Amino acid sequence: MTTMLEETVFSRTEALCDMRFHYCPGCAHGIVHRLVAETLVDLKVLDRTVGVCPVGCAVFAYDYFNCDMIQASHGRAPAVATGVKRACPDAVVFTYQGDGDLASIGMAEIVHAAARGENITVVFINNAVYGMTGGQMAPTTMIGQQTTTSPLGRDPGLAGYPIRVSELLATLDGPTYITRQTIASPKEVLATKRALTRAFQAQVDGKGFSLVEILSSCPTWWAKTPKDSLQWIESTMRGIYPPGVLVDRTGYA
Amino acid sequence: MLCMETCAQHCIVVDEELNSRGFHPMKYSESQRCTGCRMCALMCPDVCITVYRESRTPKESR
Amino acid sequence: MKMNTRVLMKGNEALCHAALDAGCFCFFGYPITPQNQVPEYLSLLMPQHGRVFLQAESEVAAINMVYGAASTGVRVMTSSSSPGISLKQEGISYLTGAELPAVIVNVMRGGPGLGNIAPSQADYFQATRGGGHGDYRTLVLAPSSVQEMYDLTRDAFDLAEKYRNPVMILTDAIQGQMMEPMTITRDPLPVPAPLPWGTRGTRKGSRTIINSLFIVAEELEKQNQRLQAKYDQMAREDLRWQEEELAEAEVAIVAYGSAARVCRTAIRLLREQGVRVGMFRPITLFPFPSDALRAVGERMKLLFTVELSAGQMLDDVRLALEGRCPIGFYGRTGGVVPTPEEVAEALLAKMRELGI
């Protein structure tokens, strides 16, 4: 007599609410949400986590992460997170921000939170475009890239050059851990998970400010299939935004 | 379709049926080739894949 | 400071002690004249008392830090001055939409634009009509002495929590800088436990979402109705005003804050000339004590509003009176403070014009 038993190799984490994401098909937000959620469970901090969600495609993240959530005004999540962390230092506080939220309107807030070495973790989704509002140019839009407010391709004479946020913040003495990752393949996804784990661990250990920039896809406004979008991250975005570790003062192996 | 693109065993296919959102979702082809590598689940942006292995227990001796 | 302490103190410093004594746990601010003593003094006092002080990178960042700290359920305050309060408007709209308690101090200065650092009352519209986008209000308290700078700020924290709504202390450069004696009439509070819904993690037994986004219009309408119900309740339960020498007056001055102080002396001068004049001093500017003012107006020959502005509370006086009484106005703008003699002269001129 034989009995078939099941061993679960992979299942949806409890740190994500039982809700369908509203993201476009093939959008990588869902991948990163999952990685962040898994990390909170792995580090056993879910019940003392407070997440701050942005204005952008991820504005509804308060419906997706199964923890206390605060919806912040556009760009101000690092300031909101600062208020939470200073008022409740043993909470694990993260922000989840897009490139418009963090690098355009929120540039002052992210620079100063990093400079203060605020003991929070920032998840920075860089897909080089404003998704929620219809595909406009972002501070990270690359030269020649077509968007709805740079229909002829980004012209540096008119609109200047893209900003490498991780490099910018790495010039400060305040941050503890800054890294840039991608989600373009399973290997990259696993590396991003390791980066997020290191970043959140640094916060748990009180080591200071961590930021994980993640080159991510926007199939809708890039006008590419999900598969081609991931390839475009590899072929084009990586060249302007090289992945790697820019600051690591964690002292971890 | 990221799961289907990623699966090295090519055992994920497009479902001919539509789901409640009006999409043709992916489905496991029941091909016996799945190795439980869970690369599909790593890439799924909707976090809707569960990967499991079935295993046999030894025969009970009587 | 302990009960029964009597002290000579600057208005801005009284604000600081009131916050401390009310159990305020966090203060976030930014330098702007004429309220710099508030962040400066609190940068010392807050850590000394185990509280949190942080100078933010801008008034925008400060109000968003307030939003974050208020979300955790602790008592929190920020202060600024006219242009800085303009910067905070989006954050204040978010605070009310998300139903968070907070105390916001505006030490008014001359405007518009960069203006100057002299006193004014030209932010009345901004303070009482919400100020930012959307159908919301903040409860607005207007002190007119260092004593009230202390007492009303202490009350502000309780009112903010009662209504889960921001409360604004609307004061000005004169009151911020002047020194007056004051007496503490209640004991200081320790920092209270965070409010039960505060975002400290689901370990508290429930999950909290702090949010002002209601994407379905009918749901946002319900949220707006909830907010309007609060403002109706404020008008029923927490109106404040003071009537001075109105019992047998035939003319009433309506003024608040530092304008009321000038008018008090003007009333002395007018009474010496035989004018039966008193003063109606609103203390809550929102909700405005309309019914009480109308009752006074019905037995007066003239209601004379005096403001350090081109006339903003004047609108609320008109709305309250519904035409039942003649109205006059005197104001100076740009940071100029009228003298009691000017006010008295303007009132007499109006009385002559109306044949009173």
# chains A, B, ... in the order shown; residues from 1 in each chain; ligands from 1
$ interface_residues --of "chain A" --to "chain B" --cutoff "7 Å" --atoms "only C-alpha atoms" --output "list in words"
Met1, Thr2, Thr3, Met4, Leu5, Glu6, Glu7, Thr8, Val9, Phe10, Ser11, Arg12, Phe21, Gly26, Cys27, Ala28, His29, Gly30, Ile31, Pro186, Pro226 and Lys227 of chain A
$ write_last_selection --atoms "N, CA and C atoms" --output "PDB file, in the first residue's frame"
ATOM      1  N   MET A   1       0.850  -1.187   0.000  1.00  0.00           N
ATOM      2  CA  MET A   1       0.000   0.000   0.000  1.00  0.00           C
ATOM      3  C   MET A   1       0.883   1.234   0.000  1.00  0.00           C
ATOM      4  N   THR A   2       0.611   2.133  -0.855  1.00  0.00           N
ATOM      5  CA  THR A   2       1.435   3.350  -0.879  1.00  0.00           C
ATOM      6  C   THR A   2       0.544   4.553  -0.582  1.00  0.00           C
ATOM      7  N   THR A   3       1.124   5.581   0.043  1.00  0.00           N
ATOM      8  CA  THR A   3       0.404   6.830   0.304  1.00  0.00           C
ATOM      9  C   THR A   3       1.166   7.966  -0.351  1.00  0.00           C
ATOM     10  N   MET A   4       0.471   8.823  -1.054  1.00  0.00           N
ATOM     11  CA  MET A   4       1.124   9.988  -1.652  1.00  0.00           C
ATOM     12  C   MET A   4       1.093  11.121  -0.637  1.00  0.00           C
ATOM     13  N   LEU A   5       2.282  11.586  -0.231  1.00  0.00           N
ATOM     14  CA  LEU A   5       2.360  12.752   0.655  1.00  0.00           C
ATOM     15  C   LEU A   5       2.825  13.945  -0.149  1.00  0.00           C
ATOM     16  N   GLU A   6       2.481  15.114   0.344  1.00  0.00           N
ATOM     17  CA  GLU A   6       2.935  16.321  -0.342  1.00  0.00           C
ATOM     18  C   GLU A   6       3.968  17.027   0.501  1.00  0.00           C
ATOM     19  N   GLU A   7       5.001  17.502  -0.166  1.00  0.00           N
ATOM     20  CA  GLU A   7       5.967  18.366   0.508  1.00  0.00           C
ATOM     21  C   GLU A   7       5.942  19.681  -0.254  1.00  0.00           C
ATOM     22  N   THR A   8       5.550  20.721   0.435  1.00  0.00           N
ATOM     23  CA  THR A   8       5.459  22.011  -0.253  1.00  0.00           C
ATOM     24  C   THR A   8       6.855  22.574  -0.469  1.00  0.00           C
ATOM     25  N   VAL A   9       7.157  22.864  -1.725  1.00  0.00           N
ATOM     26  CA  VAL A   9       8.463  23.433  -2.069  1.00  0.00           C
ATOM     27  C   VAL A   9       8.390  24.958  -2.076  1.00  0.00           C
ATOM     28  N   PHE A  10       7.219  25.470  -2.470  1.00  0.00           N
ATOM     29  CA  PHE A  10       7.059  26.923  -2.536  1.00  0.00           C
ATOM     30  C   PHE A  10       5.592  27.262  -2.403  1.00  0.00           C
ATOM     31  N   SER A  11       5.255  28.189  -1.505  1.00  0.00           N
ATOM     32  CA  SER A  11       3.865  28.644  -1.427  1.00  0.00           C
ATOM     33  C   SER A  11       3.833  30.128  -1.106  1.00  0.00           C
ATOM     34  N   ARG A  12       2.683  30.729  -1.317  1.00  0.00           N
ATOM     35  CA  ARG A  12       2.507  32.161  -1.109  1.00  0.00           C
ATOM     36  C   ARG A  12       2.665  32.496   0.369  1.00  0.00           C
ATOM     37  N   PHE A  21      -3.408  41.246  -6.884  1.00  0.00           N
ATOM     38  CA  PHE A  21      -2.749  42.525  -7.176  1.00  0.00           C
ATOM     39  C   PHE A  21      -3.478  43.207  -8.329  1.00  0.00           C
ATOM     40  N   GLY A  26       2.539  41.046 -15.926  1.00  0.00           N
ATOM     41  CA  GLY A  26       3.983  41.042 -16.143  1.00  0.00           C
ATOM     42  C   GLY A  26       4.732  42.134 -15.405  1.00  0.00           C
ATOM     43  N   CYS A  27       4.033  42.995 -14.682  1.00  0.00           N
ATOM     44  CA  CYS A  27       4.708  44.039 -13.910  1.00  0.00           C
ATOM     45  C   CYS A  27       5.447  43.403 -12.744  1.00  0.00           C
ATOM     46  N   ALA A  28       6.667  43.842 -12.528  1.00  0.00           N
ATOM     47  CA  ALA A  28       7.493  43.198 -11.507  1.00  0.00           C
ATOM     48  C   ALA A  28       7.191  43.650 -10.083  1.00  0.00           C
ATOM     49  N   HIS A  29       6.280  44.580  -9.873  1.00  0.00           N
ATOM     50  CA  HIS A  29       5.918  44.983  -8.501  1.00  0.00           C
ATOM     51  C   HIS A  29       5.575  43.760  -7.661  1.00  0.00           C
ATOM     52  N   GLY A  30       4.822  42.854  -8.296  1.00  0.00           N
ATOM     53  CA  GLY A  30       4.374  41.676  -7.548  1.00  0.00           C
ATOM     54  C   GLY A  30       5.537  40.838  -7.053  1.00  0.00           C
ATOM     55  N   ILE A  31       6.573  40.721  -7.874  1.00  0.00           N
ATOM     56  CA  ILE A  31       7.751  39.949  -7.474  1.00  0.00           C
ATOM     57  C   ILE A  31       8.391  40.598  -6.247  1.00  0.00           C
ATOM     58  N   PRO A 186      15.520  34.504 -12.581  1.00  0.00           N
ATOM     59  CA  PRO A 186      15.489  33.876 -11.249  1.00  0.00           C
ATOM     60  C   PRO A 186      16.759  34.133 -10.443  1.00  0.00           C
ATOM     61  N   PRO A 226       6.172  41.272 -21.285  1.00  0.00           N
ATOM     62  CA  PRO A 226       6.879  41.068 -20.015  1.00  0.00           C
ATOM     63  C   PRO A 226       8.268  40.450 -20.214  1.00  0.00           C
ATOM     64  N   LYS A 227       8.347  39.469 -21.115  1.00  0.00           N
ATOM     65  CA  LYS A 227       9.652  38.828 -21.338  1.00  0.00           C
ATOM     66  C   LYS A 227      10.645  39.822 -21.928  1.00  0.00           C
TER      67      LYS A 227
END
$ residues_around --residues "Gly134 of chain C" --least-positions-apart "3" --cutoff "12 Å" --atoms "only C-alpha atoms" --output "list in words"
Gln89, Glu90, Gly91, Ile92, Ser93, Tyr94, Leu95, Thr96, Gly97, Arg129, Gly130, Gly131, Arg137, Thr138, Ser212, Leu220, Glu221, Gln223, Asn224, Leu227 and Gln228 of chain C
$ atom_distance --atom1 "atom CA of Ile267 of chain C" --atom2 "atom CA of Ile253 of chain C"
8.5 Å
$ residues_around --residues "Pro54 of chain A" --least-positions-apart "4" --cutoff "12 Å" --atoms "only C-alpha atoms" --output "CSV table (one decimal) with N, CA and C atoms, in the first residue's frame"
chain,number,residue,atom,x,y,z
A,58,ALA,N,2.1,51.6,-6.7
A,58,ALA,CA,2.0,50.8,-5.5
A,58,ALA,C,1.2,51.5,-4.4
A,59,VAL,N,0.4,52.5,-4.8
A,59,VAL,CA,-0.4,53.2,-3.8
A,59,VAL,C,-1.3,52.3,-3.0
A,60,PHE,N,-1.7,51.2,-3.6
A,60,PHE,CA,-2.6,50.3,-2.9
A,60,PHE,C,-1.9,49.3,-2.1
A,61,ALA,N,-0.6,49.4,-1.9
A,61,ALA,CA,0.2,48.4,-1.2
A,61,ALA,C,-0.3,48.2,0.2
A,62,TYR,N,-1.1,49.2,0.8
A,62,TYR,CA,-1.6,49.0,2.1
A,62,TYR,C,-2.7,47.8,2.1
A,69,MET,N,0.1,49.5,7.9
A,69,MET,CA,0.5,50.3,6.7
A,69,MET,C,0.1,51.7,6.8
A,70,ILE,N,0.9,52.6,6.2
A,70,ILE,CA,0.5,54.0,6.2
A,70,ILE,C,0.7,54.5,4.8
A,71,GLN,N,-0.3,55.2,4.3
A,71,GLN,CA,-0.2,55.7,2.9
A,71,GLN,C,0.3,57.1,3.0
A,72,ALA,N,1.4,57.4,2.3
A,72,ALA,CA,2.1,58.7,2.5
A,72,ALA,C,1.8,59.6,1.2
A,73,SER,N,1.9,60.9,1.4
A,73,SER,CA,1.8,61.8,0.2
A,73,SER,C,3.0,61.6,-0.6
A,74,HIS,N,2.9,62.1,-1.9
A,74,HIS,CA,3.9,61.8,-2.9
A,74,HIS,C,5.3,62.3,-2.5
A,75,GLY,N,6.2,61.3,-2.5
A,75,GLY,CA,7.6,61.6,-2.2
A,75,GLY,C,8.0,61.7,-0.7
A,76,ARG,N,7.0,61.7,0.2
A,76,ARG,CA,7.3,62.1,1.6
A,76,ARG,C,7.5,60.8,2.4
A,77,ALA,N,7.4,59.6,1.8
A,77,ALA,CA,7.5,58.4,2.6
A,77,ALA,C,8.7,58.4,3.6
A,78,PRO,N,9.9,58.8,3.1
A,78,PRO,CA,11.0,58.8,4.1
A,78,PRO,C,10.8,59.6,5.3
A,79,ALA,N,10.1,60.8,5.1
A,79,ALA,CA,9.8,61.6,6.3
A,79,ALA,C,8.7,61.0,7.2
A,80,VAL,N,7.7,60.4,6.5
A,80,VAL,CA,6.7,59.7,7.3
A,80,VAL,C,7.4,58.5,8.1
A,81,ALA,N,8.2,57.8,7.4
A,81,ALA,CA,8.9,56.7,8.1
A,81,ALA,C,9.8,57.2,9.2
A,94,PHE,N,9.6,50.2,6.8
A,94,PHE,CA,10.1,50.3,5.5
A,94,PHE,C,9.2,51.2,4.6
A,95,THR,N,9.9,51.8,3.6
A,95,THR,CA,9.1,52.5,2.6
A,95,THR,C,9.3,51.7,1.3
A,96,TYR,N,8.3,51.9,0.5
A,96,TYR,CA,8.2,51.2,-0.8
A,96,TYR,C,7.9,52.3,-1.8
A,97,GLN,N,8.9,52.7,-2.6
A,97,GLN,CA,8.7,53.9,-3.5
A,97,GLN,C,9.2,53.7,-4.9
A,98,GLY,N,8.5,54.4,-5.8
A,98,GLY,CA,8.9,54.4,-7.2
A,98,GLY,C,9.9,55.5,-7.6
A,99,ASP,N,10.2,55.5,-8.9
A,99,ASP,CA,11.3,56.5,-9.2
A,99,ASP,C,10.8,57.9,-9.2
A,100,GLY,N,9.5,58.2,-9.5
A,100,GLY,CA,9.0,59.5,-9.4
A,100,GLY,C,8.8,59.9,-8.0
A,101,ASP,N,8.3,59.1,-7.1
A,101,ASP,CA,8.1,59.3,-5.7
A,101,ASP,C,9.4,59.6,-5.0
A,102,LEU,N,10.4,58.8,-5.3
A,102,LEU,CA,11.6,58.9,-4.5
A,102,LEU,C,12.6,59.9,-5.1
A,105,ILE,N,9.9,64.3,-6.7
A,105,ILE,CA,9.3,65.1,-5.7
A,105,ILE,C,9.9,64.8,-4.3
A,106,GLY,N,10.3,63.6,-4.1
A,106,GLY,CA,10.8,63.1,-2.8
A,106,GLY,C,12.3,63.2,-2.6
A,122,VAL,N,14.5,51.3,2.8
A,122,VAL,CA,13.8,51.9,1.6
A,122,VAL,C,13.9,50.9,0.5
A,123,VAL,N,12.8,50.5,-0.1
A,123,VAL,CA,12.7,49.7,-1.3
A,123,VAL,C,12.4,50.6,-2.4
A,124,PHE,N,13.3,50.7,-3.3
A,124,PHE,CA,13.2,51.7,-4.4
A,124,PHE,C,13.0,51.0,-5.7
A,125,ILE,N,11.8,51.1,-6.3
A,125,ILE,CA,11.5,50.5,-7.6
A,125,ILE,C,11.8,51.4,-8.7
A,132,MET,N,1.8,55.0,-12.9
A,132,MET,CA,0.4,55.2,-12.5
A,132,MET,C,-0.3,56.3,-13.3
C,211,ASN,N,-4.8,55.9,6.1
C,211,ASN,CA,-5.0,56.2,4.7
C,211,ASN,C,-6.0,57.3,4.5
C,213,LEU,N,-7.0,57.6,1.0
C,213,LEU,CA,-7.4,57.3,-0.4
C,213,LEU,C,-8.6,56.5,-0.3
$ residues_around --residues "segment 76-88 of chain C" --least-positions-apart "3" --cutoff "9 Å" --atoms "only C-alpha atoms" --output "PyMOL selection string"
chain C and resi 19+23-36+38-39+58-64+66-67+69-70+73+91-93+101-115+122-123+126+131-132+157+169+172-173
$ select_by_dssp --residues "chain B" --states "strand (DSSP E or B)" --output "ChimeraX atom specification"
/B:12-14,26-28,51-56
$ write_last_selection --atoms "N, CA and C atoms" --output "PDB file, in the first residue's frame"
ATOM      1  N   ILE B  12       4.891  24.341 -18.545  1.00  0.00           N
ATOM      2  CA  ILE B  12       3.804  25.290 -18.287  1.00  0.00           C
ATOM      3  C   ILE B  12       3.301  25.767 -19.638  1.00  0.00           C
ATOM      4  N   VAL B  13       1.985  25.763 -19.773  1.00  0.00           N
ATOM      5  CA  VAL B  13       1.384  26.121 -21.054  1.00  0.00           C
ATOM      6  C   VAL B  13       0.280  27.139 -20.821  1.00  0.00           C
ATOM      7  N   VAL B  14      -0.170  27.763 -21.903  1.00  0.00           N
ATOM      8  CA  VAL B  14      -1.273  28.718 -21.827  1.00  0.00           C
ATOM      9  C   VAL B  14      -2.582  27.939 -21.761  1.00  0.00           C
ATOM     10  N   MET B  26      -1.828  30.779 -17.095  1.00  0.00           N
ATOM     11  CA  MET B  26      -0.918  29.657 -17.347  1.00  0.00           C
ATOM     12  C   MET B  26      -1.440  28.431 -16.616  1.00  0.00           C
ATOM     13  N   LYS B  27      -1.116  27.255 -17.120  1.00  0.00           N
ATOM     14  CA  LYS B  27      -1.438  26.065 -16.348  1.00  0.00           C
ATOM     15  C   LYS B  27      -0.340  25.025 -16.519  1.00  0.00           C
ATOM     16  N   TYR B  28      -0.267  24.173 -15.513  1.00  0.00           N
ATOM     17  CA  TYR B  28       0.702  23.081 -15.541  1.00  0.00           C
ATOM     18  C   TYR B  28       0.206  22.031 -16.523  1.00  0.00           C
ATOM     19  N   VAL B  51       4.268  25.220  -5.413  1.00  0.00           N
ATOM     20  CA  VAL B  51       5.028  24.093  -5.960  1.00  0.00           C
ATOM     21  C   VAL B  51       5.152  23.032  -4.870  1.00  0.00           C
ATOM     22  N   TYR B  52       4.813  21.821  -5.201  1.00  0.00           N
ATOM     23  CA  TYR B  52       4.936  20.771  -4.186  1.00  0.00           C
ATOM     24  C   TYR B  52       5.422  19.489  -4.845  1.00  0.00           C
ATOM     25  N   ARG B  53       6.025  18.659  -4.010  1.00  0.00           N
ATOM     26  CA  ARG B  53       6.440  17.329  -4.456  1.00  0.00           C
ATOM     27  C   ARG B  53       5.537  16.306  -3.798  1.00  0.00           C
ATOM     28  N   GLU B  54       5.169  15.290  -4.581  1.00  0.00           N
ATOM     29  CA  GLU B  54       4.485  14.146  -3.991  1.00  0.00           C
ATOM     30  C   GLU B  54       5.532  13.090  -3.698  1.00  0.00           C
ATOM     31  N   SER B  55       5.413  12.445  -2.552  1.00  0.00           N
ATOM     32  CA  SER B  55       6.378  11.371  -2.263  1.00  0.00           C
ATOM     33  C   SER B  55       5.627  10.158  -1.756  1.00  0.00           C
ATOM     34  N   ARG B  56       6.205   8.979  -1.983  1.00  0.00           N
ATOM     35  CA  ARG B  56       5.567   7.742  -1.530  1.00  0.00           C
ATOM     36  C   ARG B  56       6.141   7.339  -0.207  1.00  0.00           C
TER      37      ARG B  56
END
$ residues_around --residues "Lys85 of chain A" --least-positions-apart "5" --cutoff "12 Å" --atoms "only C-alpha atoms" --output "NGL selection string"
(:A and (48-52 or 77-80 or 90-95 or 113 or 117-121 or 203-204 or 206 or 208-209)) or (:C and (26 or 52 or 54 or 65-72 or 74 or 199-201))
$ atom_distance --atom1 "atom CA of Gly50 of chain C" --atom2 "atom CA of Ile110 of chain A"
26.6 Å
$ closest_residue --among "C:Gln48, C:Thr208, C:Ser309, C:Gln177" --to "chain A" --atoms "only C-alpha atoms"
C:Thr208
$ atom_distance --atom1 "atom CA of Leu354 of chain C" --atom2 "atom CA of Gly278 of chain C"
18.0 Å
$ select_by_dssp --residues "chain B" --states "helix (DSSP H, G or I)" --output "list in words"
Leu2, Cys3, Met4, Glu5, Thr6, Met39, Cys40, Ala41, Leu42 and Met43 of chain B
$ write_last_selection --atoms "N, CA and C atoms" --output "PDB file, in the first residue's frame"
ATOM      1  N   LEU B   2       5.642  34.842 -17.472  1.00  0.00           N
ATOM      2  CA  LEU B   2       7.050  34.762 -17.073  1.00  0.00           C
ATOM      3  C   LEU B   2       7.395  33.349 -16.608  1.00  0.00           C
ATOM      4  N   CYS B   3       6.414  32.688 -15.991  1.00  0.00           N
ATOM      5  CA  CYS B   3       6.656  31.307 -15.549  1.00  0.00           C
ATOM      6  C   CYS B   3       6.952  30.405 -16.744  1.00  0.00           C
ATOM      7  N   MET B   4       6.139  30.523 -17.754  1.00  0.00           N
ATOM      8  CA  MET B   4       6.311  29.680 -18.939  1.00  0.00           C
ATOM      9  C   MET B   4       7.655  29.945 -19.604  1.00  0.00           C
ATOM     10  N   GLU B   5       8.048  31.241 -19.668  1.00  0.00           N
ATOM     11  CA  GLU B   5       9.336  31.590 -20.276  1.00  0.00           C
ATOM     12  C   GLU B   5      10.493  31.043 -19.453  1.00  0.00           C
ATOM     13  N   THR B   6      10.281  30.946 -18.158  1.00  0.00           N
ATOM     14  CA  THR B   6      11.383  30.566 -17.269  1.00  0.00           C
ATOM     15  C   THR B   6      11.529  29.056 -17.129  1.00  0.00           C
ATOM     16  N   MET B  39      11.447  27.755 -10.133  1.00  0.00           N
ATOM     17  CA  MET B  39      11.833  28.981 -10.842  1.00  0.00           C
ATOM     18  C   MET B  39      10.583  29.727 -11.321  1.00  0.00           C
ATOM     19  N   CYS B  40       9.557  28.965 -11.693  1.00  0.00           N
ATOM     20  CA  CYS B  40       8.300  29.600 -12.121  1.00  0.00           C
ATOM     21  C   CYS B  40       7.756  30.472 -11.002  1.00  0.00           C
ATOM     22  N   ALA B  41       7.729  29.919  -9.807  1.00  0.00           N
ATOM     23  CA  ALA B  41       7.166  30.651  -8.672  1.00  0.00           C
ATOM     24  C   ALA B  41       8.005  31.866  -8.332  1.00  0.00           C
ATOM     25  N   LEU B  42       9.323  31.776  -8.550  1.00  0.00           N
ATOM     26  CA  LEU B  42      10.190  32.930  -8.291  1.00  0.00           C
ATOM     27  C   LEU B  42       9.842  34.093  -9.202  1.00  0.00           C
ATOM     28  N   MET B  43       9.451  33.771 -10.432  1.00  0.00           N
ATOM     29  CA  MET B  43       9.213  34.834 -11.415  1.00  0.00           C
ATOM     30  C   MET B  43       7.761  35.273 -11.487  1.00  0.00           C
TER      31      MET B  43
END
$ closest_residue --among "A:Thr82, A:Thr13, A:Thr192, A:Thr182" --to "chain C" --atoms "only C-alpha atoms"
A:Thr82
